[in-house]
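J.: Structure in structure tokens, see below.
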Amino acid sequence: MPFRLHFRDDDLMRCRFAVSPLWETQEAVRTLSRPDRHGYHPHWLRRIRQAARALDLAPLWLLMPRRGHSPDFLGPPPIGPAATFEEEIAGVRAADPDAARDDIARALADTPGALESARGRALLADPARAVRELADLMEAAWHTLVEPDWPRLRALLEADVAFHSRRLAEVGLGALLPELDRRLSWDGRTLTVDWRSEHGRDLGGQGLVLMPSVFSWPDVISGFDPPWQPTLVYPARGLAGLWAEPGDQAPEALVRLLGRGRAAVIAALSDPATTTALAHRLGLAPSSVSAHLTVLRDAGLLTSRRYGHQVLYERTPLGMALASGG
């Protein structure tokens, strides 16, 4: 079912990129309860597993339905292109309790059994206290789950913004939007997201925030009801190499499984790359690399997507697990 964002002329001039540590914290919490999101993050999951057990994340998970509304006040669109976590969490703490209660009630209604639960009733009974406690929990999650790795995460997100900003200058907004994710399409006035529910919104001159995310993968997320600025969250490029360490090579077991050439190709895809770039990186003939890429893609270890005149290859979650020895 499609989700549509309708643009006016002034909306086209008011689109911007942003990065949000608060959003990554919210989605890191969600990822812990979503095994389908674990494919790119085995190293992170192993590192934070013990520390995460000390957090009582149940109140946040109660407000994170698999399908439906999550409270906008807990993860609003970023206030600037590079806001700090401290700036963003201050906005959460300043949320109007009455508006927050409505936001919480919508999320609870989309989570089976949540409205009738003792914890759900407590959140609704004292929304001012709920805002304080949820903000405290988000801050604890930031310090435990995200802050230790934030320099690495921020570098990936900022690299995505830099890449797509260059593409915006080269091809314009209409051509860029479908490049962000294969589920996006553009007809000149309307951005359509191939989504789980039918919905639409006129941007009304506010423009659109484009926000890459590490932990939102594989989802494309939008919605953000007024008064929040319309925002589109998409998976950041380069996730396959996010947790790779300098000098990482193909595990010997992978070499025995795939052969040295194919193992070298999949290990070299720490970020999306073209056949030519991989050939240069590995010192192999482009024809040999192309043959390896075809076999790996057909086996479900790689995926390909077009950026302008280039075809970029990147690892699938299965390919990432094999390449990392996970």
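Residue numbering restarts at 1 for every chain of the structure tokens, chains are lettered A, B, ... in their displayed order, and ligands are numbered from 1 as they appear.
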Please identify which residues in range 243-325 of chain A DSSP calls strand (DSSP E) from the backbone, and express them as number ranges by chain.

T.: A: 302-307, 310-315

J.: Using C-alpha atoms, can you write the selected residues to a file as a PDB file, in the first residue's frame?

T.:
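The new file again-v5.pdb reads:
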```pdb
ATOM      1  CA  LEU A 302      25.140  -9.357  -2.553  1.00  0.00           C
ATOM      2  CA  THR A 303      22.586  -6.960  -3.919  1.00  0.00           C
ATOM      3  CA  SER A 304      22.995  -4.327  -6.606  1.00  0.00           C
ATOM      4  CA  ARG A 305      21.349  -0.994  -7.244  1.00  0.00           C
ATOM      5  CA  ARG A 306      21.821   1.737  -9.789  1.00  0.00           C
ATOM      6  CA  TYR A 307      23.121   5.228  -8.941  1.00  0.00           C
ATOM      7  CA  GLN A 310      26.803   3.345 -12.023  1.00  0.00           C
ATOM      8  CA  VAL A 311      25.794  -0.005 -10.537  1.00  0.00           C
ATOM      9  CA  LEU A 312      26.817  -0.345  -6.892  1.00  0.00           C
ATOM     10  CA  TYR A 313      27.125  -3.696  -5.142  1.00  0.00           C
ATOM     11  CA  GLU A 314      26.752  -4.228  -1.413  1.00  0.00           C
ATOM     12  CA  ARG A 315      26.446  -7.147   0.964  1.00  0.00           C
TER      13      ARG A 315
END
```

J.: Quick one: everything within 9 Å of Gln26 in chain A, counting only C-alpha atoms, minus sequence neighbours fewer than 3 positions away in the same chain. Send it as a list in words.

T.: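 Non-adjacent residues within range: Pro21, Leu22, Trp23, Val29, Arg30, Thr31, Leu60, Leu74, Gly75, Met138, Ala141, Trp142 and Phe215 of chain A.
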
J.: Take the residues from that selection and write them out as a PDB file, in the first residue's frame, keeping N, CA and C atoms.

T.:
```pdb
ATOM      1  N   PRO A  21      21.260  11.802  16.626  1.00  0.00           N
ATOM      2  CA  PRO A  21      21.638  10.800  17.633  1.00  0.00           C
ATOM      3  C   PRO A  21      20.446  10.307  18.441  1.00  0.00           C
ATOM      4  N   LEU A  22      19.449  11.162  18.665  1.00  0.00           N
ATOM      5  CA  LEU A  22      18.247  10.730  19.390  1.00  0.00           C
ATOM      6  C   LEU A  22      17.500   9.670  18.587  1.00  0.00           C
ATOM      7  N   TRP A  23      17.352   9.896  17.292  1.00  0.00           N
ATOM      8  CA  TRP A  23      16.662   8.909  16.452  1.00  0.00           C
ATOM      9  C   TRP A  23      17.409   7.577  16.475  1.00  0.00           C
ATOM     10  N   VAL A  29      17.130   0.886  20.372  1.00  0.00           N
ATOM     11  CA  VAL A  29      16.245   0.204  21.328  1.00  0.00           C
ATOM     12  C   VAL A  29      15.285  -0.711  20.573  1.00  0.00           C
ATOM     13  N   ARG A  30      14.701  -0.221  19.504  1.00  0.00           N
ATOM     14  CA  ARG A  30      13.767  -1.025  18.723  1.00  0.00           C
ATOM     15  C   ARG A  30      14.472  -2.248  18.112  1.00  0.00           C
ATOM     16  N   THR A  31      15.700  -2.045  17.646  1.00  0.00           N
ATOM     17  CA  THR A  31      16.442  -3.131  17.021  1.00  0.00           C
ATOM     18  C   THR A  31      16.671  -4.295  17.978  1.00  0.00           C
ATOM     19  N   LEU A  60       9.614   1.498  26.750  1.00  0.00           N
ATOM     20  CA  LEU A  60       9.822   1.974  25.386  1.00  0.00           C
ATOM     21  C   LEU A  60       9.316   0.949  24.373  1.00  0.00           C
ATOM     22  N   LEU A  74       8.984  11.266  21.144  1.00  0.00           N
ATOM     23  CA  LEU A  74      10.177  10.536  21.589  1.00  0.00           C
ATOM     24  C   LEU A  74      11.275  10.509  20.529  1.00  0.00           C
ATOM     25  N   GLY A  75      10.899  10.675  19.272  1.00  0.00           N
ATOM     26  CA  GLY A  75      11.884  10.688  18.198  1.00  0.00           C
ATOM     27  C   GLY A  75      11.488  11.666  17.127  1.00  0.00           C
ATOM     28  N   MET A 138      15.443   6.993  27.701  1.00  0.00           N
ATOM     29  CA  MET A 138      16.110   7.243  26.422  1.00  0.00           C
ATOM     30  C   MET A 138      17.548   7.713  26.648  1.00  0.00           C
ATOM     31  N   ALA A 141      19.615   4.778  27.595  1.00  0.00           N
ATOM     32  CA  ALA A 141      19.862   3.960  26.411  1.00  0.00           C
ATOM     33  C   ALA A 141      20.940   4.589  25.530  1.00  0.00           C
ATOM     34  N   TRP A 142      20.921   5.902  25.398  1.00  0.00           N
ATOM     35  CA  TRP A 142      21.952   6.597  24.625  1.00  0.00           C
ATOM     36  C   TRP A 142      23.334   6.293  25.192  1.00  0.00           C
ATOM     37  N   PHE A 215      20.236   2.185  12.372  1.00  0.00           N
ATOM     38  CA  PHE A 215      19.467   1.153  13.046  1.00  0.00           C
ATOM     39  C   PHE A 215      18.047   0.998  12.501  1.00  0.00           C
TER      40      PHE A 215
END
```

J.: Find the residue from A:Leu203, A:Ala51, A:Val171, A:Leu208 that sits nearest to Leu232 in chain A; use only C-alpha atoms when measuring.

T.: A:Leu208

J.: For Leu168 in chain A, which residue out of A:Cys15, A:Ser70, A:Ala122, A:Ala135 is the nearest one, using only C-alpha atoms?

T.: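 Ranking A:Cys15, A:Ser70, A:Ala122, A:Ala135 by distance to Leu168 in chain A, first place goes to A:Cys15.
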
J.: From a DSSP pass on the backbone, collect the residues of range 222-311 of chain A flagged as helix (DSSP H, G or I) and hand them back as a PyMOL selection string.

T.: chain A and resi 239-241+252-258+260-268+275-282+286-298

J.: One decimal, in Å: what's the spacing between CA of Arg16 in chain A and CA of Val209 in chain A?

T.: 5.1 Å

J.: Asp11 in chain A: which residues within 7 Å, counting only C-alpha atoms, same-chain residues fewer than 5 positions away excluded, as JSON, numbers by chain?

T.: {"A": [203, 205, 206, 207]}

J.: Keeping only C-alpha atoms, take the residues you just selected and write them out as a tab-separated table (two decimals), in the first residue's frame.

T.:
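File result-v4.tsv, as written:
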```
chain	number	residue	atom	x	y	z
A	203	LEU	CA	3.95	19.04	2.77
A	205	GLY	CA	5.51	24.48	2.32
A	206	GLN	CA	7.46	22.83	5.16
A	207	GLY	CA	9.68	20.86	2.83
```

J.: Report the distance between CA of Ala95 in chain A and CA of Asp72 in chain A in Å, rounded to one decimal place.

T.: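 Going from CA of Ala95 in chain A over to CA of Asp72 in chain A covers 10.2 Å.
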
J.: Fewer than 5 positions away in the same chain doesn't count, so skip those; otherwise give me all residues within 8 Å of Arg262 in chain A, counting only C-alpha atoms, as a PyMOL selection string.

T.: chain A and resi 255+292-293+296
